[in-house]
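Data file: start-v6.pdb. Format and content: PDB, C-alpha atoms and all ligand atoms.
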MODEL        1
ATOM      1  CA  MET W1103       0.000   0.000   0.000  1.00  0.00           C
ATOM      2  CA  LYS W1104       1.289   3.451  -0.879  1.00  0.00           C
ATOM      3  CA  VAL W1105       0.401   6.217   1.581  1.00  0.00           C
ATOM      4  CA  HIS W1106       0.234   9.930   0.724  1.00  0.00           C
ATOM      5  CA  HIS W1107      -0.079  12.516   3.506  1.00  0.00           C
ATOM      6  CA  LEU W1108      -1.997  15.545   2.208  1.00  0.00           C
ATOM      7  CA  ASN W1109      -2.976  18.909   3.627  1.00  0.00           C
ATOM      8  CA  CYS W1110      -6.485  19.472   2.337  1.00  0.00           C
ATOM      9  CA  GLY W1111      -7.179  22.732   4.148  1.00  0.00           C
ATOM     10  CA  THR W1112      -4.935  25.272   5.852  1.00  0.00           C
ATOM     11  CA  MET W1113      -6.558  27.258   8.666  1.00  0.00           C
ATOM     12  CA  THR W1114      -5.147  30.245  10.532  1.00  0.00           C
ATOM     13  CA  PRO W1115      -7.317  30.761  13.629  1.00  0.00           C
ATOM     14  CA  PRO W1116      -6.588  33.973  15.543  1.00  0.00           C
ATOM     15  CA  ALA W1117      -3.888  33.694  18.244  1.00  0.00           C
ATOM     16  CA  ALA W1118      -3.191  30.014  17.539  1.00  0.00           C
ATOM     17  CA  PRO W1119      -0.665  28.048  15.492  1.00  0.00           C
ATOM     18  CA  ARG W1120      -1.413  27.508  11.803  1.00  0.00           C
ATOM     19  CA  MET W1121      -3.569  24.393  11.373  1.00  0.00           C
ATOM     20  CA  VAL W1122      -3.739  21.891   8.528  1.00  0.00           C
ATOM     21  CA  ALA W1123      -6.332  19.315   7.476  1.00  0.00           C
ATOM     22  CA  HIS W1124      -4.147  16.205   7.457  1.00  0.00           C
ATOM     23  CA  CYS W1125      -5.739  13.611   5.171  1.00  0.00           C
ATOM     24  CA  LEU W1126      -4.450  10.295   3.866  1.00  0.00           C
ATOM     25  CA  LEU W1127      -4.660   8.994   0.341  1.00  0.00           C
ATOM     26  CA  LEU W1128      -4.091   5.242   0.230  1.00  0.00           C
ATOM     27  CA  GLU W1129      -3.212   3.527  -3.014  1.00  0.00           C
ATOM     28  CA  THR W1130      -4.173  -0.097  -2.429  1.00  0.00           C
ATOM     29  CA  GLU W1131      -3.904  -2.902  -4.947  1.00  0.00           C
ATOM     30  CA  ARG W1132      -7.584  -2.519  -5.825  1.00  0.00           C
ATOM     31  CA  ASP W1133      -8.477   1.168  -5.606  1.00  0.00           C
ATOM     32  CA  LEU W1134      -7.926   4.489  -3.860  1.00  0.00           C
ATOM     33  CA  VAL W1135      -9.035   5.223  -0.293  1.00  0.00           C
ATOM     34  CA  LEU W1136      -9.238   8.671   1.292  1.00  0.00           C
ATOM     35  CA  VAL W1137      -9.074   9.181   5.050  1.00  0.00           C
ATOM     36  CA  ASP W1138     -10.892  12.486   5.728  1.00  0.00           C
ATOM     37  CA  THR W1139     -11.483  14.909   2.876  1.00  0.00           C
ATOM     38  CA  GLY W1140     -10.720  18.443   4.095  1.00  0.00           C
ATOM     39  CA  PHE W1141     -12.587  21.169   2.230  1.00  0.00           C
ATOM     40  CA  ALA W1142     -14.284  20.732  -1.150  1.00  0.00           C
ATOM     41  CA  LEU W1143     -12.915  22.317  -4.287  1.00  0.00           C
ATOM     42  CA  GLY W1144     -14.581  25.734  -4.361  1.00  0.00           C
ATOM     43  CA  GLU W1145     -16.148  25.282  -0.905  1.00  0.00           C
ATOM     44  CA  ASP W1146     -18.811  27.977  -0.563  1.00  0.00           C
ATOM     45  CA  ARG W1147     -21.108  26.529   2.122  1.00  0.00           C
ATOM     46  CA  LEU W1148     -19.247  27.408   5.315  1.00  0.00           C
ATOM     47  CA  GLU W1149     -21.016  29.528   7.900  1.00  0.00           C
ATOM     48  CA  ALA W1150     -19.788  32.961   8.939  1.00  0.00           C
ATOM     49  CA  ALA W1151     -18.885  31.808  12.460  1.00  0.00           C
ATOM     50  CA  PHE W1152     -16.681  29.017  11.095  1.00  0.00           C
ATOM     51  CA  LEU W1153     -14.990  31.361   8.608  1.00  0.00           C
ATOM     52  CA  ARG W1154     -14.294  33.829  11.420  1.00  0.00           C
ATOM     53  CA  THR W1155     -12.898  31.358  13.945  1.00  0.00           C
ATOM     54  CA  ALA W1156     -11.031  28.908  11.666  1.00  0.00           C
ATOM     55  CA  ARG W1157     -10.085  31.335   8.849  1.00  0.00           C
ATOM     56  CA  PRO W1158      -9.642  28.601   6.212  1.00  0.00           C
ATOM     57  CA  SER W1159      -7.583  29.546   3.148  1.00  0.00           C
ATOM     58  CA  LEU W1160      -9.876  27.505   0.826  1.00  0.00           C
ATOM     59  CA  ASP W1161      -7.066  27.291  -1.726  1.00  0.00           C
ATOM     60  CA  PRO W1162      -8.318  25.171  -4.655  1.00  0.00           C
ATOM     61  CA  ALA W1163      -4.832  23.639  -4.968  1.00  0.00           C
ATOM     62  CA  GLU W1164      -5.246  22.152  -1.459  1.00  0.00           C
ATOM     63  CA  SER W1165      -8.476  20.307  -2.239  1.00  0.00           C
ATOM     64  CA  ALA W1166      -8.132  16.521  -2.218  1.00  0.00           C
ATOM     65  CA  VAL W1167      -9.518  16.224  -5.735  1.00  0.00           C
ATOM     66  CA  ARG W1168      -6.928  18.642  -7.181  1.00  0.00           C
ATOM     67  CA  GLN W1169      -4.062  16.976  -5.306  1.00  0.00           C
ATOM     68  CA  LEU W1170      -5.117  13.584  -6.629  1.00  0.00           C
ATOM     69  CA  GLN W1171      -5.145  14.916 -10.173  1.00  0.00           C
ATOM     70  CA  ASP W1172      -1.725  16.481  -9.607  1.00  0.00           C
ATOM     71  CA  LEU W1173      -0.480  12.998  -8.650  1.00  0.00           C
ATOM     72  CA  GLY W1174      -1.778  11.717 -11.988  1.00  0.00           C
ATOM     73  CA  LEU W1175      -4.619   9.781 -10.315  1.00  0.00           C
ATOM     74  CA  ASP W1176      -8.280   9.609 -11.309  1.00  0.00           C
ATOM     75  CA  PRO W1177     -10.754  10.875  -8.655  1.00  0.00           C
ATOM     76  CA  GLU W1178     -13.259   8.273  -9.889  1.00  0.00           C
ATOM     77  CA  ASP W1179     -10.911   5.574  -8.569  1.00  0.00           C
ATOM     78  CA  VAL W1180     -11.601   6.783  -4.999  1.00  0.00           C
ATOM     79  CA  ARG W1181     -14.005   3.993  -4.035  1.00  0.00           C
ATOM     80  CA  HIS W1182     -13.885   4.497  -0.277  1.00  0.00           C
ATOM     81  CA  ILE W1183     -13.730   7.464   2.059  1.00  0.00           C
ATOM     82  CA  VAL W1184     -13.173   6.912   5.777  1.00  0.00           C
ATOM     83  CA  LEU W1185     -14.156   9.834   8.004  1.00  0.00           C
ATOM     84  CA  THR W1186     -12.958  10.546  11.532  1.00  0.00           C
ATOM     85  CA  HIS W1187     -16.133  12.601  11.941  1.00  0.00           C
ATOM     86  CA  LEU W1188     -18.463  14.898  10.027  1.00  0.00           C
ATOM     87  CA  ASP W1189     -17.314  18.402  11.002  1.00  0.00           C
ATOM     88  CA  PRO W1190     -17.080  20.800   8.006  1.00  0.00           C
ATOM     89  CA  ASP W1191     -13.267  20.656   7.771  1.00  0.00           C
ATOM     90  CA  HIS W1192     -13.358  16.842   7.442  1.00  0.00           C
ATOM     91  CA  ALA W1193     -16.448  16.081   5.361  1.00  0.00           C
ATOM     92  CA  GLY W1194     -16.348  19.019   2.930  1.00  0.00           C
ATOM     93  CA  GLY W1195     -14.668  17.110   0.117  1.00  0.00           C
ATOM     94  CA  LEU W1196     -17.348  14.378   0.000  1.00  0.00           C
ATOM     95  CA  ARG W1197     -19.098  16.027  -2.925  1.00  0.00           C
ATOM     96  CA  ASP W1198     -15.922  15.823  -5.044  1.00  0.00           C
ATOM     97  CA  PHE W1199     -16.077  11.997  -4.812  1.00  0.00           C
ATOM     98  CA  PRO W1200     -19.793  11.232  -5.197  1.00  0.00           C
ATOM     99  CA  HIS W1201     -19.202   7.579  -6.173  1.00  0.00           C
ATOM    100  CA  ALA W1202     -17.272   6.655  -3.026  1.00  0.00           C
ATOM    101  CA  ARG W1203     -18.652   4.569  -0.173  1.00  0.00           C
ATOM    102  CA  VAL W1204     -18.370   6.620   3.032  1.00  0.00           C
ATOM    103  CA  HIS W1205     -17.331   4.740   6.176  1.00  0.00           C
ATOM    104  CA  VAL W1206     -18.108   6.478   9.465  1.00  0.00           C
ATOM    105  CA  HIS W1207     -19.172   5.674  13.015  1.00  0.00           C
ATOM    106  CA  ALA W1208     -22.942   5.183  13.316  1.00  0.00           C
ATOM    107  CA  ALA W1209     -23.178   7.567  16.294  1.00  0.00           C
ATOM    108  CA  GLU W1210     -21.520  10.296  14.230  1.00  0.00           C
ATOM    109  CA  LEU W1211     -23.837   9.768  11.298  1.00  0.00           C
ATOM    110  CA  ALA W1212     -26.836   9.905  13.655  1.00  0.00           C
ATOM    111  CA  ALA W1213     -25.557  13.077  15.354  1.00  0.00           C
ATOM    112  CA  ALA W1214     -24.997  14.790  12.014  1.00  0.00           C
ATOM    113  CA  THR W1215     -28.149  13.715  10.255  1.00  0.00           C
ATOM    114  CA  ARG W1216     -30.549  13.790  13.226  1.00  0.00           C
ATOM    115  CA  PRO W1217     -29.047  16.566  15.295  1.00  0.00           C
ATOM    116  CA  GLY W1218     -30.245  16.945  18.855  1.00  0.00           C
ATOM    117  CA  GLY W1219     -28.604  18.119  22.046  1.00  0.00           C
ATOM    118  CA  GLY W1220     -27.574  21.705  22.610  1.00  0.00           C
ATOM    119  CA  VAL W1221     -27.381  24.572  20.152  1.00  0.00           C
ATOM    120  CA  ALA W1222     -23.643  24.038  19.602  1.00  0.00           C
ATOM    121  CA  GLN W1223     -24.154  20.428  18.488  1.00  0.00           C
ATOM    122  CA  ARG W1224     -27.071  21.355  16.242  1.00  0.00           C
ATOM    123  CA  HIS W1225     -24.988  23.987  14.464  1.00  0.00           C
ATOM    124  CA  ARG W1226     -21.662  22.177  14.134  1.00  0.00           C
ATOM    125  CA  TYR W1227     -22.582  20.111  11.066  1.00  0.00           C
ATOM    126  CA  LEU W1228     -23.324  21.273   7.513  1.00  0.00           C
ATOM    127  CA  PRO W1229     -25.926  18.921   5.966  1.00  0.00           C
ATOM    128  CA  ALA W1230     -25.301  20.583   2.563  1.00  0.00           C
ATOM    129  CA  GLN W1231     -21.969  18.701   2.523  1.00  0.00           C
ATOM    130  CA  TRP W1232     -23.805  15.384   2.076  1.00  0.00           C
ATOM    131  CA  ALA W1233     -26.852  16.626   0.153  1.00  0.00           C
ATOM    132  CA  HIS W1234     -25.740  14.474  -2.810  1.00  0.00           C
ATOM    133  CA  GLY W1235     -26.650  11.358  -0.776  1.00  0.00           C
ATOM    134  CA  PRO W1236     -23.437   9.376  -0.188  1.00  0.00           C
ATOM    135  CA  ASP W1237     -23.447   5.591   0.108  1.00  0.00           C
ATOM    136  CA  TRP W1238     -22.953   5.510   3.893  1.00  0.00           C
ATOM    137  CA  ALA W1239     -21.355   2.534   5.670  1.00  0.00           C
ATOM    138  CA  PRO W1240     -21.960   3.046   9.421  1.00  0.00           C
ATOM    139  CA  TYR W1241     -20.205   1.062  12.187  1.00  0.00           C
ATOM    140  CA  ASP W1242     -20.812   0.539  15.886  1.00  0.00           C
ATOM    141  CA  ASP W1243     -18.263   0.150  18.687  1.00  0.00           C
ATOM    142  CA  ALA W1244     -17.624  -3.571  18.167  1.00  0.00           C
ATOM    143  CA  GLY W1245     -14.105  -4.431  17.079  1.00  0.00           C
ATOM    144  CA  GLU W1246     -10.835  -6.194  17.644  1.00  0.00           C
ATOM    145  CA  GLU W1247      -8.131  -5.305  20.140  1.00  0.00           C
ATOM    146  CA  LEU W1248      -5.320  -3.141  18.721  1.00  0.00           C
ATOM    147  CA  TYR W1249      -2.680  -1.983  21.213  1.00  0.00           C
ATOM    148  CA  GLY W1250      -5.340  -1.491  23.898  1.00  0.00           C
ATOM    149  CA  LEU W1251      -7.737   0.277  21.534  1.00  0.00           C
ATOM    150  CA  ARG W1252     -10.734  -1.169  19.722  1.00  0.00           C
ATOM    151  CA  ALA W1253     -10.387  -1.400  15.948  1.00  0.00           C
ATOM    152  CA  ARG W1254     -13.272  -2.272  13.637  1.00  0.00           C
ATOM    153  CA  PRO W1255     -12.061  -3.562  10.240  1.00  0.00           C
ATOM    154  CA  LEU W1256     -13.962  -1.892   7.409  1.00  0.00           C
ATOM    155  CA  ASP W1257     -16.122  -3.771   4.941  1.00  0.00           C
ATOM    156  CA  GLY W1258     -14.372  -3.979   1.601  1.00  0.00           C
ATOM    157  CA  VAL W1259     -11.295  -1.977   2.639  1.00  0.00           C
ATOM    158  CA  GLU W1260      -8.398  -4.202   3.505  1.00  0.00           C
ATOM    159  CA  GLY W1261      -5.954  -2.968   6.165  1.00  0.00           C
ATOM    160  CA  VAL W1262      -8.069  -0.057   7.405  1.00  0.00           C
ATOM    161  CA  ALA W1263     -10.041   0.039  10.673  1.00  0.00           C
ATOM    162  CA  LEU W1264     -12.190   2.545  12.539  1.00  0.00           C
ATOM    163  CA  VAL W1265     -11.065   3.196  16.138  1.00  0.00           C
ATOM    164  CA  PRO W1266     -13.863   4.782  18.217  1.00  0.00           C
ATOM    165  CA  LEU W1267     -12.564   7.821  20.132  1.00  0.00           C
ATOM    166  CA  ALA W1268     -15.751   9.696  20.985  1.00  0.00           C
ATOM    167  CA  GLY W1269     -15.418  12.974  22.864  1.00  0.00           C
ATOM    168  CA  HIS W1270     -14.650  15.673  20.309  1.00  0.00           C
ATOM    169  CA  SER W1271     -17.951  14.705  18.690  1.00  0.00           C
ATOM    170  CA  ARG W1272     -20.511  11.959  19.385  1.00  0.00           C
ATOM    171  CA  GLY W1273     -19.077   9.329  17.068  1.00  0.00           C
ATOM    172  CA  HIS W1274     -15.586  10.698  16.549  1.00  0.00           C
ATOM    173  CA  SER W1275     -13.131   7.934  15.607  1.00  0.00           C
ATOM    174  CA  GLY W1276      -9.512   7.455  14.703  1.00  0.00           C
ATOM    175  CA  VAL W1277      -8.553   5.536  11.574  1.00  0.00           C
ATOM    176  CA  ALA W1278      -5.898   2.819  11.825  1.00  0.00           C
ATOM    177  CA  VAL W1279      -4.010   1.828   8.686  1.00  0.00           C
ATOM    178  CA  ASP W1280      -1.891  -1.295   8.336  1.00  0.00           C
ATOM    179  CA  THR W1281       0.576  -0.091   5.701  1.00  0.00           C
ATOM    180  CA  GLY W1282       2.304  -3.471   5.480  1.00  0.00           C
ATOM    181  CA  ASP W1283       5.276  -1.724   7.040  1.00  0.00           C
ATOM    182  CA  GLY W1284       3.697  -0.850  10.417  1.00  0.00           C
ATOM    183  CA  TRP W1285       0.549   0.821  11.739  1.00  0.00           C
ATOM    184  CA  LEU W1286      -0.527   4.436  11.332  1.00  0.00           C
ATOM    185  CA  LEU W1287      -3.257   5.928  13.511  1.00  0.00           C
ATOM    186  CA  HIS W1288      -4.936   9.039  12.155  1.00  0.00           C
ATOM    187  CA  ALA W1289      -6.378  10.338  15.428  1.00  0.00           C
ATOM    188  CA  GLY W1290      -8.586  12.987  13.802  1.00  0.00           C
ATOM    189  CA  ASP W1291      -9.557  15.663  16.331  1.00  0.00           C
ATOM    190  CA  ALA W1292      -8.814  13.508  19.385  1.00  0.00           C
ATOM    191  CA  TYR W1293      -6.211  16.234  20.000  1.00  0.00           C
ATOM    192  CA  TRP W1294      -5.029  19.286  18.036  1.00  0.00           C
ATOM    193  CA  PHE W1295      -1.460  19.821  19.235  1.00  0.00           C
ATOM    194  CA  HIS W1296       1.419  17.339  19.264  1.00  0.00           C
ATOM    195  CA  GLY W1297       2.504  18.459  22.748  1.00  0.00           C
ATOM    196  CA  GLU W1298      -0.665  16.892  24.173  1.00  0.00           C
ATOM    197  CA  LEU W1299       0.927  13.474  23.665  1.00  0.00           C
ATOM    198  CA  SER W1300       4.174  14.475  25.418  1.00  0.00           C
ATOM    199  CA  ALA W1301       4.963  13.909  29.075  1.00  0.00           C
ATOM    200  CA  PRO W1302       4.422  16.385  30.649  1.00  0.00           C
ATOM    201  CA  SER W1303       1.798  17.378  28.116  1.00  0.00           C
ATOM    202  CA  HIS W1304       1.449  20.929  26.870  1.00  0.00           C
ATOM    203  CA  CYS W1305      -0.831  22.814  24.510  1.00  0.00           C
ATOM    204  CA  PRO W1306      -1.286  26.515  23.676  1.00  0.00           C
ATOM    205  CA  LEU W1307      -4.048  28.056  25.792  1.00  0.00           C
ATOM    206  CA  THR W1308      -6.200  29.082  22.816  1.00  0.00           C
ATOM    207  CA  LEU W1309      -6.224  25.509  21.492  1.00  0.00           C
ATOM    208  CA  ARG W1310      -6.945  24.073  24.957  1.00  0.00           C
ATOM    209  CA  LEU W1311      -9.949  26.352  25.386  1.00  0.00           C
ATOM    210  CA  ALA W1312     -11.258  25.834  21.853  1.00  0.00           C
ATOM    211  CA  GLN W1313     -11.076  22.057  22.196  1.00  0.00           C
ATOM    212  CA  ARG W1314     -12.958  22.202  25.458  1.00  0.00           C
ATOM    213  CA  LEU W1315     -15.593  24.408  23.869  1.00  0.00           C
ATOM    214  CA  VAL W1316     -16.297  22.174  20.877  1.00  0.00           C
ATOM    215  CA  ALA W1317     -16.040  18.785  22.629  1.00  0.00           C
ATOM    216  CA  VAL W1318     -19.320  16.988  23.187  1.00  0.00           C
ATOM    217  CA  ASP W1319     -17.622  15.195  26.120  1.00  0.00           C
ATOM    218  CA  HIS W1320     -14.506  16.969  27.379  1.00  0.00           C
ATOM    219  CA  THR W1321     -13.665  14.338  30.024  1.00  0.00           C
ATOM    220  CA  GLN W1322     -13.865  11.558  27.471  1.00  0.00           C
ATOM    221  CA  ARG W1323     -11.629  13.486  25.087  1.00  0.00           C
ATOM    222  CA  LEU W1324      -8.961  13.833  27.785  1.00  0.00           C
ATOM    223  CA  ALA W1325      -9.255  10.113  28.595  1.00  0.00           C
ATOM    224  CA  ASN W1326      -8.699   9.331  24.903  1.00  0.00           C
ATOM    225  CA  VAL W1327      -5.570  11.496  24.811  1.00  0.00           C
ATOM    226  CA  ALA W1328      -4.259   9.597  27.852  1.00  0.00           C
ATOM    227  CA  ARG W1329      -4.801   6.298  26.006  1.00  0.00           C
ATOM    228  CA  LEU W1330      -3.060   7.594  22.873  1.00  0.00           C
ATOM    229  CA  ARG W1331      -0.115   8.744  24.988  1.00  0.00           C
ATOM    230  CA  GLU W1332       0.361   5.144  26.194  1.00  0.00           C
ATOM    231  CA  LEU W1333       0.530   3.587  22.725  1.00  0.00           C
ATOM    232  CA  PRO W1334       3.786   1.801  21.879  1.00  0.00           C
ATOM    233  CA  GLU W1335       6.210   3.203  19.316  1.00  0.00           C
ATOM    234  CA  GLN W1336       5.196   0.599  16.730  1.00  0.00           C
ATOM    235  CA  ILE W1337       2.094   2.628  15.995  1.00  0.00           C
ATOM    236  CA  GLN W1338       2.623   6.100  14.533  1.00  0.00           C
ATOM    237  CA  VAL W1339      -0.021   8.509  15.830  1.00  0.00           C
ATOM    238  CA  PHE W1340      -0.835  11.893  14.344  1.00  0.00           C
ATOM    239  CA  SER W1341      -3.832  14.211  14.481  1.00  0.00           C
ATOM    240  CA  ALA W1342      -5.771  16.075  11.822  1.00  0.00           C
ATOM    241  CA  HIS W1343      -4.687  19.632  12.461  1.00  0.00           C
ATOM    242  CA  ASP W1344      -1.111  19.709  13.738  1.00  0.00           C
ATOM    243  CA  ALA W1345       1.164  21.199  11.048  1.00  0.00           C
ATOM    244  CA  ALA W1346       4.342  19.927  12.728  1.00  0.00           C
ATOM    245  CA  GLU W1347       3.068  16.342  12.663  1.00  0.00           C
ATOM    246  CA  LEU W1348       2.253  16.591   8.962  1.00  0.00           C
ATOM    247  CA  THR W1349       5.768  17.875   8.284  1.00  0.00           C
ATOM    248  CA  ARG W1350       7.158  14.600   9.665  1.00  0.00           C
ATOM    249  CA  TYR W1351       5.775  12.958   6.532  1.00  0.00           C
ATOM    250  CA  THR W1352       5.930  15.695   3.934  1.00  0.00           C
ATOM    251  CA  GLY W1353       9.227  17.377   4.915  1.00  0.00           C
TER     252      GLY W1353
HETATM  253 ZN    ZN Z   1     -11.302  19.304  12.686  1.00  0.00          ZN
ENDMDL
END
Since I need it in another form, could you write the structure as structure tokens?
Amino acid sequence: MKVHHLNCGTMTPPAAPRMVAHCLLLETERDLVLVDTGFALGEDRLEAAFLRTARPSLDPAESAVRQLQDLGLDPEDVRHIVLTHLDPDHAGGLRDFPHARVHVHAAELAAATRPGGGVAQRHRYLPAQWAHGPDWAPYDDAGEELYGLRARPLDGVEGVALVPLAGHSRGHSGVAVDTGDGWLLHAGDAYWFHGELSAPSHCPLTLRLAQRLVAVDHTQRLANVARLRELPEQIQVFSAHDAAELTRYTG
């Protein structure tokens, strides 16, 4: 399996480090698999509050579909998309791959398509991002043990598993990838800053507060970070938005 690490959406929130939308493009023997999608090409559906707080660059050259084409690949060969969750900076690119099956945790799909709870949860998702009616493949919490985590192998996608890490959102999950040369764990928004996995952990104040604000279960999110911190070196962990982590792979 060939693994590409892509930034599908730079964001420059006020008084915080620059953020990326770290996505994976997997070239398997059979087809192409995307892990998270970043923003769509020509994204024009974001709400004013999101634009103000995340300040996304929305550079067409950063869209997953453009980057695939730049690699000489055909977007129609993307048969599967695996999502950590359905926030606008992760699910935006769905419309650029309308033929893909979309694998996601069932609790996340329910939260995004039948929103309840408080005002913040009702307003976090953008239903327009899946108005084209994707072929959803939802999963529950059942799975196999993977370094103390629970990993649910995906139907029809060899070597990729969903790892439930609810807290940031209701059905937020990591995505584990068996590259044939070791495991990767895309931890999504389980944390935003690499220092959170260090001992002692550290994180800029603005990012600490923002994560607390958006988390559906702050305590659970912190418990997840503690579990990720304990993972052995054999599994490479990175999050969706940390630019320094992405640089480890892209130079
Ligand atoms: Zn995010």
Could you list the residues chosen by the PyMOL selection byres (((chain W and resi 1269) around 7) and not hetatm) in this structure as a PyMOL selection string? chain W and resi 1267-1268+1270-1272+1274+1317-1320+1322-1323
Go ahead and save the residues from that selection, with C-alpha atoms, as a short mmCIF file (atom, residue, chain, number, x, y, z; two decimals), in the frame of the given file.
data_model
loop_
_atom_site.label_atom_id
_atom_site.label_comp_id
_atom_site.auth_asym_id
_atom_site.auth_seq_id
_atom_site.Cartn_x
_atom_site.Cartn_y
_atom_site.Cartn_z
CA LEU W 1267 -12.56 7.82 20.13
CA ALA W 1268 -15.75 9.70 20.98
CA HIS W 1270 -14.65 15.67 20.31
CA SER W 1271 -17.95 14.70 18.69
CA ARG W 1272 -20.51 11.96 19.39
CA HIS W 1274 -15.59 10.70 16.55
CA ALA W 1317 -16.04 18.78 22.63
CA VAL W 1318 -19.32 16.99 23.19
CA ASP W 1319 -17.62 15.20 26.12
CA HIS W 1320 -14.51 16.97 27.38
CA GLN W 1322 -13.86 11.56 27.47
CA ARG W 1323 -11.63 13.49 25.09
#
Write out as a ChimeraX atom specification each polymer residue (protein, DNA or RNA) that has an atom no more than 7 Å from ligand ZN 1 (chain Z), with only C-alpha atoms and all ligand atoms counted. /W:1189,1191-1192,1290-1291,1342-1343
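The nearest approach to Met1103 in chain W among the residues W:Leu1185, W:Val1316, W:Leu1126, W:Leu1348, with only C-alpha atoms taken into account, belongs to W:Leu1126.
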When you count all atoms listed in the file, which of these residues is closest to Val1206 in chain W: W:Thr1186, W:Gln1171, W:Gln1231, W:Asn1326? W:Thr1186
Of the candidates W:Leu1148, W:Leu1160, W:Ala1230, W:Val1135, which shows the shortest atom-to-atom distance to Val1204 in chain W, using only C-alpha atoms? W:Val1135
To verify the selection step, state as a PyMOL selection string which residues the PyMOL selection byres (((chain W and resi 1112-1122) around 12) and not hetatm) yields on this input. chain W and resi 1107-1111+1123-1125+1139-1141+1151-1165+1191-1192+1290-1291+1294-1296+1305-1312+1340-1349
Tell me, in Å to one decimal, how far CA of Val1327 in chain W is from CA of Asp1283 in chain W.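 Here the two named atoms are 24.7 Å from each other.
Here CA of Val1180 in chain W and CA of Leu1134 in chain W stand 4.5 Å from one another.
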Find, counting only C-alpha atoms, the residue in W:Gly1273, W:Pro1255, W:Gly1144, W:Pro1200 that gets nearest to Gly1235 in chain W. W:Pro1200
Distance of CA of Leu1196 in chain W from CA of Val1167 in chain W, expressed in Å to one decimal place: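 These atoms are spaced 9.9 Å apart.
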Expand the PyMOL selection byres (((chain W and resi 1241) around 7) and not hetatm) into the individual residues it matches in the shown file, reporting them as a short mmCIF file (atom, residue, chain, number, x, y, z; two decimals) with C-alpha atoms, in the frame of the given file.
data_model
loop_
_atom_site.label_atom_id
_atom_site.label_comp_id
_atom_site.auth_asym_id
_atom_site.auth_seq_id
_atom_site.Cartn_x
_atom_site.Cartn_y
_atom_site.Cartn_z
CA VAL W 1206 -18.11 6.48 9.46
CA HIS W 1207 -19.17 5.67 13.02
CA ALA W 1208 -22.94 5.18 13.32
CA ALA W 1239 -21.36 2.53 5.67
CA PRO W 1240 -21.96 3.05 9.42
CA ASP W 1242 -20.81 0.54 15.89
CA ASP W 1243 -18.26 0.15 18.69
#
Which residue out of W:Leu1143, W:Ala1253, W:Leu1127, W:Ile1337 has the minimum interatomic distance to Arg1197 in chain W when only C-alpha atoms are used? W:Leu1143
Nearest candidate to Asp1280 in chain W (options W:Gly1250, W:Gly1195, W:Gly1261, W:Pro1266; using only C-alpha atoms):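 Answer, going by the shortest atom-to-atom distance: W:Gly1261.
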Val1339 in chain W surroundings by all atoms listed in the file, 12 Å radius, close-in-sequence under 3 positions cut, as a count of residues only: 33
Nearby residues (all atoms listed in the file) at most 12 Å from Asp1176 in chain W, same-chain spacing under 6 positions excluded, as a VMD selection string: chain W and resid 1129 1133 to 1135 1166 to 1170 1198 to 1199
Find the spatial neighbours of Ala1214 in chain W, counting all atoms listed in the file, within a cut-off of 8 Å - ignore same-chain residues fewer than 2 positions away - and output them as an MDAnalysis selection string. chainID W and resid 1188 1210:1212 1216:1217 1227 1229
